Amino acid sequence: MDINFDNLEEFKSEIDGASSIIELNDIKVKYFGKKGIVSSINKELGKLDVEKRKEIGERISKIRDKFDGQFDSRLSFIKKEEINATLKDEVIDVTLDGYPYKRGSIHPVNLIYQEVIDIFMSSGYEVVEGREIEDDYHNFEALNMPKSHPARDMQDTFYVDEDVVLRTHTSPVQIRIMEDRKPPIKMIAPGKVYRSDYDMTHLPMFHQIEGLVVDKGISFGDLKGALRLFISKMFGDDLDVRLRPSFFPFTEPSAEVDMGCVQCRGKGCRMCKGTGWLEIAGCGMVDPEVFKSVGIDPNIYSGFAFGMGIERIALLKYGIDDIRLLYGNSLKFLRQF
Ligand code: PHE
C-alpha cells in the first residue's frame, strides 16, 4: 500500500487559508470525515501486518493532533476577526443629538393652590386634610345646619346617599380637627369641594382653602389682620380690605371679605362693576354652637374661620373671566402660565 503522508500534511496551508468557520469545517470533513482521506487509509490498514499497522496508526494519530492544534488556533483567530468586524459595523455615535422633548408645566390652579398654602405656612398655619366624601353630620349638622335648615339650600349638594355627601365646602375639616384636638389650633385645610353648579363662575368641582384659628382671646381684629396679611402677600399691599356683614350658620358674626379690585386697584372698572371691590372669601367668628358640638368651651376659647375658592383667586390673579377655561385643557391656554 502506498500512503503519501506528505500529501496528508498539506492541510497546514489549507487551514491558514480558511476565512470562515464553514470553510474551516469543510477542511476537517475533507480529511477526517466519513468519506475523508484518513477514513480511506484506515480501511486499508486491515490488510497490513501488525508491525506496519501499528506504525501507520501512530503516524495518523500524530497527524490528527497536529491538525486539531492548527484547527483550534485558526478557529479562535476567525472568531476574533468576526467580533472585530461586528464591533466596527455596529458602532454607535454617542455624540449625535437626541430628539427634543416637550416640557410640561404646572397647571395654573396648582400654581395658585401652592402659592396660597405657602403664604399661610409662612405665617405658621398647619396644613391638614379632610375627606372629600363626607357624612351629613360633619358637612352640615355639626356646622349648625340641622336637616331642615334653610341654609342647606345655599349649596347644591351631590348626595352619595341620604347621610353621605361629596363635601360642599372645606368647613367640615374644622369639625374633624376640633373633635380631635385641644386648642390652640391654627390650621388651613385646602382641597376639592363639590357642588351641582356650572356656569361662567361656578364648576361642579373646585378647590377651597379653609382657615381656622382657636385659642384664648382670639378676636375679630385678629381675623381681619390674618386676611389682610394674606391679601397683601397674594395681590400686593396697596389693596384695601373690608369685611361686609353676612351670614353663615357656623360663624357669628359672619362677614364677606372684599378686597380692592386687582385691575383698577380700587378706582372702579368693568371687572369690579365700578365698585372698586371684589369679593374674595367668607369668614366669621366660630359660632358657640359649633364649639359645643365639638366639646370646646366657648366661655374659655374663641376663634375665627374663613373659607375661599382657589379658582376664584386664580381668575383674579391672572385676569381670566371664565372659570371653565381653567379646566378646558386647551394647551394654547395652559402654555401661558
Ligand atoms: N364654608 C363657607 C362656604 O363655602 C365659607 C366659610 C368658611 C365661611 C369659614 C365662614 C367661615 O361658603
# chains A, B, ... in the order shown; residues from 1 in each chain; ligands from 1
>>> residues_near_ligand(ligand="ligand 1", cutoff="7 Å", atoms="only C-alpha atoms and all ligand atoms", output="list in words")
Thr168, His169, Thr170, Ser171, Glu210, Gly211, Phe248, Phe250, Thr251, Ser254, Ala281, Gly282, Cys283, Gly284, Ala305, Phe306, Gly307 and Met308 of chain A
>>> write_last_selection(atoms="N, CA, C and O atoms", output="tab-separated table (two decimals), in the first residue's frame")
chain	number	residue	atom	x	y	z
A	168	THR	N	-69.43	69.90	50.35
A	168	THR	CA	-69.78	71.11	49.60
A	168	THR	C	-68.84	72.26	49.95
A	168	THR	O	-68.87	73.30	49.31
A	169	HIS	N	-68.05	72.07	50.98
A	169	HIS	CA	-67.08	73.09	51.39
A	169	HIS	C	-66.00	72.43	52.25
A	169	HIS	O	-66.12	71.24	52.59
A	170	THR	N	-64.94	73.16	52.58
A	170	THR	CA	-63.88	72.57	53.41
A	170	THR	C	-64.17	72.75	54.90
A	170	THR	O	-63.40	72.27	55.74
A	171	SER	N	-65.28	73.39	55.25
A	171	SER	CA	-65.59	73.63	56.67
A	171	SER	C	-65.71	72.35	57.52
A	171	SER	O	-65.39	72.40	58.72
A	210	GLU	N	-59.67	76.44	53.69
A	210	GLU	CA	-60.34	76.79	54.94
A	210	GLU	C	-59.28	77.24	55.92
A	210	GLU	O	-58.18	76.68	55.94
A	211	GLY	N	-59.59	78.24	56.72
A	211	GLY	CA	-58.66	78.61	57.79
A	211	GLY	C	-59.39	78.52	59.12
A	211	GLY	O	-60.58	78.82	59.20
A	248	PHE	N	-73.35	83.11	57.96
A	248	PHE	CA	-73.08	81.68	57.83
A	248	PHE	C	-73.54	81.03	59.12
A	248	PHE	O	-73.35	81.61	60.20
A	250	PHE	N	-72.40	78.75	60.85
A	250	PHE	CA	-71.34	78.27	61.75
A	250	PHE	C	-70.42	79.37	62.23
A	250	PHE	O	-69.42	79.10	62.90
A	251	THR	N	-70.69	80.62	61.86
A	251	THR	CA	-69.91	81.74	62.40
A	251	THR	C	-70.86	82.83	62.88
A	251	THR	O	-71.93	83.04	62.31
A	254	SER	N	-70.69	86.97	61.11
A	254	SER	CA	-70.14	86.49	59.83
A	254	SER	C	-69.92	87.66	58.91
A	254	SER	O	-70.56	88.72	59.05
A	281	ALA	N	-63.70	86.06	49.94
A	281	ALA	CA	-63.83	84.98	50.93
A	281	ALA	C	-65.05	85.18	51.82
A	281	ALA	O	-65.65	86.26	51.84
A	282	GLY	N	-65.38	84.12	52.55
A	282	GLY	CA	-66.37	84.21	53.61
A	282	GLY	C	-65.66	83.96	54.93
A	282	GLY	O	-64.67	83.24	54.97
A	283	CYS	N	-66.16	84.60	56.01
A	283	CYS	CA	-65.44	84.42	57.27
A	283	CYS	C	-66.32	84.76	58.47
A	283	CYS	O	-67.47	85.17	58.31
A	284	GLY	N	-65.78	84.56	59.64
A	284	GLY	CA	-66.51	84.94	60.84
A	284	GLY	C	-65.87	84.36	62.09
A	284	GLY	O	-64.85	83.66	62.01
A	305	ALA	N	-62.76	81.76	61.60
A	305	ALA	CA	-62.64	80.83	60.47
A	305	ALA	C	-62.87	81.61	59.18
A	305	ALA	O	-63.54	82.65	59.17
A	306	PHE	N	-62.25	81.15	58.12
A	306	PHE	CA	-62.52	81.74	56.80
A	306	PHE	C	-62.44	80.65	55.75
A	306	PHE	O	-61.86	79.57	55.98
A	307	GLY	N	-63.07	80.92	54.61
A	307	GLY	CA	-63.01	79.95	53.52
A	307	GLY	C	-63.02	80.69	52.20
A	307	GLY	O	-63.73	81.70	52.05
A	308	MET	N	-62.18	80.25	51.27
A	308	MET	CA	-62.20	80.90	49.96
A	308	MET	C	-61.92	79.91	48.84
A	308	MET	O	-61.38	78.83	49.06
>>> select_by_dssp(residues="stretch 138-285 of chain A", states="strand (DSSP E or B)", output="PDB file with N, CA and C atoms, in the first residue's frame")
ATOM      1  N   TYR A 159     -75.474  64.178  46.640  1.00  0.00           N
ATOM      2  CA  TYR A 159     -75.650  63.158  47.677  1.00  0.00           C
ATOM      3  C   TYR A 159     -75.148  61.802  47.206  1.00  0.00           C
ATOM      4  N   VAL A 160     -74.359  61.134  48.052  1.00  0.00           N
ATOM      5  CA  VAL A 160     -73.941  59.756  47.765  1.00  0.00           C
ATOM      6  C   VAL A 160     -75.056  58.827  48.246  1.00  0.00           C
ATOM      7  N   ASP A 161     -75.521  59.062  49.456  1.00  0.00           N
ATOM      8  CA  ASP A 161     -76.809  58.525  49.901  1.00  0.00           C
ATOM      9  C   ASP A 161     -77.370  59.483  50.939  1.00  0.00           C
ATOM     10  N   VAL A 164     -74.631  60.652  53.313  1.00  0.00           N
ATOM     11  CA  VAL A 164     -73.259  60.833  52.828  1.00  0.00           C
ATOM     12  C   VAL A 164     -73.278  61.751  51.614  1.00  0.00           C
ATOM     13  N   VAL A 165     -72.361  62.742  51.635  1.00  0.00           N
ATOM     14  CA  VAL A 165     -72.341  63.729  50.547  1.00  0.00           C
ATOM     15  C   VAL A 165     -70.914  63.898  50.026  1.00  0.00           C
ATOM     16  N   LEU A 166     -70.789  64.449  48.815  1.00  0.00           N
ATOM     17  CA  LEU A 166     -69.499  64.982  48.395  1.00  0.00           C
ATOM     18  C   LEU A 166     -69.409  66.330  49.105  1.00  0.00           C
ATOM     19  N   ILE A 185     -55.335  75.943  68.159  1.00  0.00           N
ATOM     20  CA  ILE A 185     -55.376  75.365  66.815  1.00  0.00           C
ATOM     21  C   ILE A 185     -55.122  76.496  65.818  1.00  0.00           C
ATOM     22  N   LYS A 186     -54.264  76.246  64.875  1.00  0.00           N
ATOM     23  CA  LYS A 186     -54.014  77.242  63.823  1.00  0.00           C
ATOM     24  C   LYS A 186     -53.756  76.466  62.539  1.00  0.00           C
ATOM     25  N   MET A 187     -54.787  76.306  61.729  1.00  0.00           N
ATOM     26  CA  MET A 187     -54.657  75.398  60.587  1.00  0.00           C
ATOM     27  C   MET A 187     -55.300  75.932  59.322  1.00  0.00           C
ATOM     28  N   ILE A 188     -54.849  75.407  58.214  1.00  0.00           N
ATOM     29  CA  ILE A 188     -55.578  75.591  56.961  1.00  0.00           C
ATOM     30  C   ILE A 188     -55.881  74.203  56.407  1.00  0.00           C
ATOM     31  N   ALA A 189     -57.003  74.125  55.672  1.00  0.00           N
ATOM     32  CA  ALA A 189     -57.381  72.853  55.048  1.00  0.00           C
ATOM     33  C   ALA A 189     -57.716  73.133  53.585  1.00  0.00           C
ATOM     34  N   PRO A 190     -56.756  72.900  52.691  1.00  0.00           N
ATOM     35  CA  PRO A 190     -57.042  73.089  51.274  1.00  0.00           C
ATOM     36  C   PRO A 190     -57.567  71.796  50.661  1.00  0.00           C
ATOM     37  N   GLY A 191     -58.367  71.900  49.605  1.00  0.00           N
ATOM     38  CA  GLY A 191     -58.812  70.659  48.957  1.00  0.00           C
ATOM     39  C   GLY A 191     -59.998  70.856  48.035  1.00  0.00           C
ATOM     40  N   LYS A 192     -60.416  69.747  47.428  1.00  0.00           N
ATOM     41  CA  LYS A 192     -61.516  69.780  46.457  1.00  0.00           C
ATOM     42  C   LYS A 192     -62.867  69.801  47.158  1.00  0.00           C
ATOM     43  N   VAL A 193     -63.795  70.536  46.585  1.00  0.00           N
ATOM     44  CA  VAL A 193     -65.175  70.532  47.068  1.00  0.00           C
ATOM     45  C   VAL A 193     -66.107  70.414  45.861  1.00  0.00           C
ATOM     46  N   TYR A 194     -67.360  70.036  46.116  1.00  0.00           N
ATOM     47  CA  TYR A 194     -68.271  69.694  45.014  1.00  0.00           C
ATOM     48  C   TYR A 194     -69.641  70.347  45.187  1.00  0.00           C
ATOM     49  N   ASP A 199     -71.441  77.273  35.455  1.00  0.00           N
ATOM     50  CA  ASP A 199     -71.582  78.442  34.577  1.00  0.00           C
ATOM     51  C   ASP A 199     -70.245  79.189  34.546  1.00  0.00           C
ATOM     52  N   HIS A 202     -68.958  79.206  38.130  1.00  0.00           N
ATOM     53  CA  HIS A 202     -69.112  78.033  39.003  1.00  0.00           C
ATOM     54  C   HIS A 202     -68.790  76.736  38.277  1.00  0.00           C
ATOM     55  N   MET A 205     -66.821  70.888  40.469  1.00  0.00           N
ATOM     56  CA  MET A 205     -65.690  70.585  41.355  1.00  0.00           C
ATOM     57  C   MET A 205     -64.797  71.801  41.373  1.00  0.00           C
ATOM     58  N   PHE A 206     -64.431  72.253  42.531  1.00  0.00           N
ATOM     59  CA  PHE A 206     -63.450  73.329  42.621  1.00  0.00           C
ATOM     60  C   PHE A 206     -62.671  73.172  43.934  1.00  0.00           C
ATOM     61  N   HIS A 207     -61.749  74.070  44.176  1.00  0.00           N
ATOM     62  CA  HIS A 207     -60.925  73.955  45.382  1.00  0.00           C
ATOM     63  C   HIS A 207     -61.217  75.094  46.346  1.00  0.00           C
ATOM     64  N   GLN A 208     -61.206  74.756  47.604  1.00  0.00           N
ATOM     65  CA  GLN A 208     -61.328  75.790  48.635  1.00  0.00           C
ATOM     66  C   GLN A 208     -60.147  75.677  49.577  1.00  0.00           C
ATOM     67  N   ILE A 209     -59.937  76.760  50.309  1.00  0.00           N
ATOM     68  CA  ILE A 209     -58.998  76.669  51.424  1.00  0.00           C
ATOM     69  C   ILE A 209     -59.698  77.233  52.654  1.00  0.00           C
ATOM     70  N   GLU A 210     -59.671  76.439  53.692  1.00  0.00           N
ATOM     71  CA  GLU A 210     -60.343  76.788  54.940  1.00  0.00           C
ATOM     72  C   GLU A 210     -59.275  77.244  55.922  1.00  0.00           C
ATOM     73  N   GLY A 211     -59.587  78.235  56.723  1.00  0.00           N
ATOM     74  CA  GLY A 211     -58.664  78.614  57.791  1.00  0.00           C
ATOM     75  C   GLY A 211     -59.385  78.524  59.122  1.00  0.00           C
ATOM     76  N   LEU A 212     -58.681  78.095  60.160  1.00  0.00           N
ATOM     77  CA  LEU A 212     -59.294  78.034  61.496  1.00  0.00           C
ATOM     78  C   LEU A 212     -58.233  78.346  62.540  1.00  0.00           C
ATOM     79  N   VAL A 213     -58.552  79.337  63.388  1.00  0.00           N
ATOM     80  CA  VAL A 213     -57.647  79.659  64.495  1.00  0.00           C
ATOM     81  C   VAL A 213     -58.468  79.681  65.779  1.00  0.00           C
ATOM     82  N   VAL A 214     -58.110  78.871  66.741  1.00  0.00           N
ATOM     83  CA  VAL A 214     -58.842  78.813  68.011  1.00  0.00           C
ATOM     84  C   VAL A 214     -57.838  78.904  69.164  1.00  0.00           C
ATOM     85  N   ASP A 215     -58.125  79.834  70.071  1.00  0.00           N
ATOM     86  CA  ASP A 215     -57.278  79.952  71.269  1.00  0.00           C
ATOM     87  C   ASP A 215     -58.008  80.861  72.261  1.00  0.00           C
ATOM     88  N   VAL A 241     -58.858  96.189  52.394  1.00  0.00           N
ATOM     89  CA  VAL A 241     -59.670  95.016  52.746  1.00  0.00           C
ATOM     90  C   VAL A 241     -60.839  95.496  53.587  1.00  0.00           C
ATOM     91  N   ARG A 242     -62.042  94.977  53.287  1.00  0.00           N
ATOM     92  CA  ARG A 242     -63.172  95.339  54.152  1.00  0.00           C
ATOM     93  C   ARG A 242     -64.013  94.096  54.445  1.00  0.00           C
ATOM     94  N   LEU A 243     -64.606  94.079  55.604  1.00  0.00           N
ATOM     95  CA  LEU A 243     -65.480  92.978  55.985  1.00  0.00           C
ATOM     96  C   LEU A 243     -66.916  93.472  55.931  1.00  0.00           C
ATOM     97  N   ARG A 244     -67.723  92.780  55.140  1.00  0.00           N
ATOM     98  CA  ARG A 244     -69.114  93.206  54.921  1.00  0.00           C
ATOM     99  C   ARG A 244     -70.022  92.208  55.641  1.00  0.00           C
ATOM    100  N   PRO A 245     -70.888  92.705  56.531  1.00  0.00           N
ATOM    101  CA  PRO A 245     -71.734  91.790  57.319  1.00  0.00           C
ATOM    102  C   PRO A 245     -72.473  90.789  56.430  1.00  0.00           C
ATOM    103  N   SER A 246     -72.504  89.548  56.891  1.00  0.00           N
ATOM    104  CA  SER A 246     -73.151  88.495  56.115  1.00  0.00           C
ATOM    105  C   SER A 246     -73.653  87.427  57.062  1.00  0.00           C
ATOM    106  N   PHE A 247     -73.985  86.260  56.533  1.00  0.00           N
ATOM    107  CA  PHE A 247     -74.458  85.189  57.405  1.00  0.00           C
ATOM    108  C   PHE A 247     -73.911  83.823  56.997  1.00  0.00           C
ATOM    109  N   PHE A 248     -73.351  83.114  57.959  1.00  0.00           N
ATOM    110  CA  PHE A 248     -73.084  81.677  57.829  1.00  0.00           C
ATOM    111  C   PHE A 248     -73.540  81.032  59.123  1.00  0.00           C
ATOM    112  N   THR A 251     -70.691  80.622  61.862  1.00  0.00           N
ATOM    113  CA  THR A 251     -69.915  81.738  62.402  1.00  0.00           C
ATOM    114  C   THR A 251     -70.858  82.833  62.878  1.00  0.00           C
ATOM    115  N   GLU A 252     -70.439  83.530  63.920  1.00  0.00           N
ATOM    116  CA  GLU A 252     -71.255  84.637  64.453  1.00  0.00           C
ATOM    117  C   GLU A 252     -70.349  85.607  65.193  1.00  0.00           C
ATOM    118  N   PRO A 253     -70.175  86.844  64.751  1.00  0.00           N
ATOM    119  CA  PRO A 253     -70.738  87.372  63.491  1.00  0.00           C
ATOM    120  C   PRO A 253     -70.043  86.799  62.257  1.00  0.00           C
ATOM    121  N   SER A 254     -70.692  86.966  61.105  1.00  0.00           N
ATOM    122  CA  SER A 254     -70.144  86.489  59.835  1.00  0.00           C
ATOM    123  C   SER A 254     -69.921  87.665  58.906  1.00  0.00           C
ATOM    124  N   ALA A 255     -69.029  87.472  57.953  1.00  0.00           N
ATOM    125  CA  ALA A 255     -68.765  88.558  57.010  1.00  0.00           C
ATOM    126  C   ALA A 255     -68.292  88.009  55.664  1.00  0.00           C
ATOM    127  N   GLU A 256     -68.527  88.797  54.621  1.00  0.00           N
ATOM    128  CA  GLU A 256     -67.890  88.540  53.329  1.00  0.00           C
ATOM    129  C   GLU A 256     -66.643  89.412  53.305  1.00  0.00           C
ATOM    130  N   VAL A 257     -65.575  88.860  52.741  1.00  0.00           N
ATOM    131  CA  VAL A 257     -64.327  89.616  52.668  1.00  0.00           C
ATOM    132  C   VAL A 257     -64.214  90.234  51.280  1.00  0.00           C
ATOM    133  N   ASP A 258     -64.113  91.536  51.232  1.00  0.00           N
ATOM    134  CA  ASP A 258     -63.874  92.220  49.964  1.00  0.00           C
ATOM    135  C   ASP A 258     -62.469  92.782  49.970  1.00  0.00           C
ATOM    136  N   MET A 259     -61.868  92.814  48.781  1.00  0.00           N
ATOM    137  CA  MET A 259     -60.569  93.495  48.689  1.00  0.00           C
ATOM    138  C   MET A 259     -60.625  94.446  47.508  1.00  0.00           C
ATOM    139  N   GLY A 260     -59.730  95.415  47.507  1.00  0.00           N
ATOM    140  CA  GLY A 260     -59.675  96.359  46.402  1.00  0.00           C
ATOM    141  C   GLY A 260     -59.484  95.617  45.083  1.00  0.00           C
ATOM    142  N   TRP A 277     -64.420  97.093  44.428  1.00  0.00           N
ATOM    143  CA  TRP A 277     -64.249  95.969  45.367  1.00  0.00           C
ATOM    144  C   TRP A 277     -64.480  94.621  44.688  1.00  0.00           C
ATOM    145  N   LEU A 278     -63.765  93.615  45.138  1.00  0.00           N
ATOM    146  CA  LEU A 278     -64.002  92.238  44.690  1.00  0.00           C
ATOM    147  C   LEU A 278     -64.179  91.356  45.912  1.00  0.00           C
ATOM    148  N   GLU A 279     -65.181  90.459  45.829  1.00  0.00           N
ATOM    149  CA  GLU A 279     -65.401  89.541  46.949  1.00  0.00           C
ATOM    150  C   GLU A 279     -64.413  88.382  46.838  1.00  0.00           C
ATOM    151  N   ILE A 280     -63.798  88.019  47.957  1.00  0.00           N
ATOM    152  CA  ILE A 280     -62.736  87.008  47.887  1.00  0.00           C
ATOM    153  C   ILE A 280     -62.929  85.831  48.859  1.00  0.00           C
ATOM    154  N   ALA A 281     -63.703  86.060  49.942  1.00  0.00           N
ATOM    155  CA  ALA A 281     -63.831  84.979  50.928  1.00  0.00           C
ATOM    156  C   ALA A 281     -65.045  85.182  51.824  1.00  0.00           C
ATOM    157  N   GLY A 282     -65.382  84.117  52.551  1.00  0.00           N
ATOM    158  CA  GLY A 282     -66.375  84.207  53.615  1.00  0.00           C
ATOM    159  C   GLY A 282     -65.657  83.959  54.932  1.00  0.00           C
ATOM    160  N   CYS A 283     -66.161  84.597  56.008  1.00  0.00           N
ATOM    161  CA  CYS A 283     -65.442  84.419  57.270  1.00  0.00           C
ATOM    162  C   CYS A 283     -66.324  84.760  58.466  1.00  0.00           C
ATOM    163  N   GLY A 284     -65.782  84.565  59.642  1.00  0.00           N
ATOM    164  CA  GLY A 284     -66.511  84.942  60.843  1.00  0.00           C
ATOM    165  C   GLY A 284     -65.869  84.358  62.087  1.00  0.00           C
ATOM    166  N   MET A 285     -66.479  84.666  63.229  1.00  0.00           N
ATOM    167  CA  MET A 285     -66.015  84.095  64.496  1.00  0.00           C
ATOM    168  C   MET A 285     -66.752  82.772  64.720  1.00  0.00           C
TER     169      MET A 285
END
>>> residues_around(residues="A:Val38", least_positions_apart="4", cutoff="12 Å", atoms="only C-alpha atoms", output="number ranges by chain")
A: 3-5, 7-9, 28-34, 42-45, 56-57, 59-61, 63-64, 67
>>> write_last_selection(atoms="N, CA and C atoms", output="short mmCIF file (atom, residue, chain, number, x, y, z; two decimals), in the first residue's frame")
data_model
loop_
_atom_site.label_atom_id
_atom_site.label_comp_id
_atom_site.auth_asym_id
_atom_site.auth_seq_id
_atom_site.Cartn_x
_atom_site.Cartn_y
_atom_site.Cartn_z
N ILE A 3 1.02 5.00 0.86
CA ILE A 3 0.36 6.15 1.51
C ILE A 3 1.29 7.35 1.47
N ASN A 4 0.76 8.44 0.91
CA ASN A 4 1.60 9.63 0.81
C ASN A 4 1.32 10.57 1.99
N PHE A 5 2.17 10.46 3.01
CA PHE A 5 1.94 11.29 4.20
C PHE A 5 2.21 12.76 3.97
N ASN A 7 1.41 14.35 1.37
CA ASN A 7 0.15 14.80 0.82
C ASN A 7 -0.87 15.06 1.93
N LEU A 8 -0.82 14.14 2.89
CA LEU A 8 -1.75 14.23 4.03
C LEU A 8 -1.50 15.50 4.85
N GLU A 9 -0.25 15.92 4.89
CA GLU A 9 0.05 17.08 5.74
C GLU A 9 -0.11 18.41 5.03
N LYS A 28 -11.97 20.00 7.69
CA LYS A 28 -11.98 18.90 8.66
C LYS A 28 -12.68 17.68 8.03
N VAL A 29 -13.80 17.96 7.36
CA VAL A 29 -14.55 16.85 6.73
C VAL A 29 -13.68 16.19 5.65
N LYS A 30 -12.98 17.04 4.89
CA LYS A 30 -12.15 16.52 3.80
C LYS A 30 -11.12 15.49 4.31
N TYR A 31 -10.54 15.74 5.47
CA TYR A 31 -9.51 14.84 6.00
C TYR A 31 -10.06 13.78 6.91
N PHE A 32 -10.94 14.20 7.83
CA PHE A 32 -11.34 13.25 8.88
C PHE A 32 -12.81 12.85 8.84
N GLY A 33 -13.55 13.31 7.84
CA GLY A 33 -14.96 12.92 7.72
C GLY A 33 -15.09 11.46 7.31
N LYS A 34 -16.36 10.98 7.27
CA LYS A 34 -16.64 9.57 6.95
C LYS A 34 -16.00 9.13 5.64
N ASN A 42 -7.61 4.29 6.83
CA ASN A 42 -7.95 3.36 7.92
C ASN A 42 -8.49 2.05 7.36
N LYS A 43 -9.30 2.16 6.27
CA LYS A 43 -9.89 0.96 5.70
C LYS A 43 -8.81 0.00 5.17
N GLU A 44 -7.77 0.59 4.67
CA GLU A 44 -6.68 -0.21 4.09
C GLU A 44 -5.83 -0.90 5.18
N LEU A 45 -5.85 -0.30 6.38
CA LEU A 45 -4.94 -0.78 7.43
C LEU A 45 -5.07 -2.28 7.71
N ILE A 56 1.83 2.91 11.21
CA ILE A 56 0.99 3.87 10.48
C ILE A 56 -0.07 4.48 11.41
N GLY A 57 -0.65 3.62 12.23
CA GLY A 57 -1.64 4.11 13.21
C GLY A 57 -1.06 5.23 14.06
N ARG A 59 1.45 7.23 13.32
CA ARG A 59 1.69 8.41 12.50
C ARG A 59 0.38 9.19 12.28
N ILE A 60 -0.70 8.43 12.01
CA ILE A 60 -2.00 9.10 11.78
C ILE A 60 -2.46 9.84 13.03
N SER A 61 -2.27 9.22 14.18
CA SER A 61 -2.71 9.87 15.42
C SER A 61 -1.91 11.15 15.68
N ILE A 63 -0.59 13.00 13.31
CA ILE A 63 -1.11 13.96 12.33
C ILE A 63 -2.42 14.58 12.82
N ARG A 64 -3.24 13.73 13.43
CA ARG A 64 -4.54 14.19 13.95
C ARG A 64 -4.33 15.27 15.03
N PHE A 67 -3.26 18.39 13.39
CA PHE A 67 -4.41 19.00 12.73
C PHE A 67 -5.28 19.75 13.74
#
>>> residues_around(residues="A:Gly217", least_positions_apart="2", cutoff="9 Å", atoms="only C-alpha atoms", output="list of chain:residue names")
A:Val214, A:Asp215, A:Ser219, A:Ile300, A:Tyr301, A:Ser302, A:Gly303
>>> closest_residue(among="A:Lys317, A:Arg195, A:His107, A:Lys12", to="A:Gln263", atoms="only C-alpha atoms")
A:Lys317
>>> residues_around(residues="A:Glu289", least_positions_apart="3", cutoff="7 Å", atoms="only C-alpha atoms", output="ChimeraX atom specification")
/A:144,292-293
>>> write_last_selection(atoms="N, CA, C and O atoms", output="mmCIF file, in the first residue's frame")
data_model
loop_
_atom_site.group_PDB
_atom_site.id
_atom_site.type_symbol
_atom_site.label_atom_id
_atom_site.label_comp_id
_atom_site.auth_asym_id
_atom_site.auth_seq_id
_atom_site.Cartn_x
_atom_site.Cartn_y
_atom_site.Cartn_z
ATOM 1 N N ASN A 144 -73.873 73.549 62.551
ATOM 2 C CA ASN A 144 -75.061 74.310 62.930
ATOM 3 C C ASN A 144 -76.088 74.381 61.799
ATOM 4 O O ASN A 144 -76.802 75.372 61.669
ATOM 5 N N LYS A 292 -69.712 73.943 70.968
ATOM 6 C CA LYS A 292 -70.395 72.980 71.842
ATOM 7 C C LYS A 292 -70.435 71.605 71.194
ATOM 8 O O LYS A 292 -70.230 70.593 71.856
ATOM 9 N N SER A 293 -70.663 71.558 69.865
ATOM 10 C CA SER A 293 -70.790 70.235 69.227
ATOM 11 C C SER A 293 -69.455 69.495 69.149
ATOM 12 O O SER A 293 -69.426 68.294 68.928
#
>>> atom_distance(atom1="atom CA of A:Lys332", atom2="atom CA of A:Gly98")
26.0 Å
>>> residues_around(residues="stretch 74-85 of chain A", least_positions_apart="2", cutoff="8 Å", atoms="only C-alpha atoms", output="PyMOL selection string")
chain A and resi 15-16+19-21+24+70-72+87-89
>>> write_last_selection(atoms="N, CA and C atoms", output="CSV table (one decimal), in the first residue's frame")
chain,number,residue,atom,x,y,z
A,15,ILE,N,-5.6,25.2,6.1
A,15,ILE,CA,-6.2,25.7,7.3
A,15,ILE,C,-5.9,27.2,7.4
A,16,ASP,N,-4.7,27.6,7.1
A,16,ASP,CA,-4.3,29.0,7.2
A,16,ASP,C,-5.1,29.9,6.2
A,19,SER,N,-11.2,31.3,5.7
A,19,SER,CA,-11.5,32.7,6.2
A,19,SER,C,-12.9,32.7,6.9
A,20,SER,N,-13.5,31.5,7.0
A,20,SER,CA,-14.8,31.4,7.8
A,20,SER,C,-14.8,30.1,8.5
A,21,ILE,N,-15.7,30.0,9.4
A,21,ILE,CA,-15.9,28.8,10.2
A,21,ILE,C,-16.4,27.6,9.3
A,24,LEU,N,-13.5,26.3,7.3
A,24,LEU,CA,-12.7,25.5,8.2
A,24,LEU,C,-13.2,24.1,8.4
A,70,GLN,N,-3.8,23.0,14.9
A,70,GLN,CA,-3.9,24.1,13.9
A,70,GLN,C,-5.3,24.6,13.7
A,71,PHE,N,-6.2,23.6,13.7
A,71,PHE,CA,-7.6,23.9,13.5
A,71,PHE,C,-8.1,24.8,14.6
A,72,ASP,N,-7.8,24.5,15.9
A,72,ASP,CA,-8.3,25.3,17.0
A,72,ASP,C,-7.7,26.7,17.0
A,87,LEU,N,-18.1,44.8,15.7
A,87,LEU,CA,-17.9,46.0,16.5
A,87,LEU,C,-17.7,47.2,15.6
A,88,LYS,N,-17.1,47.0,14.5
A,88,LYS,CA,-16.8,48.1,13.6
A,88,LYS,C,-18.1,48.5,12.9
A,89,ASP,N,-18.9,47.4,12.5
A,89,ASP,CA,-20.2,47.7,11.7
A,89,ASP,C,-21.2,48.4,12.6
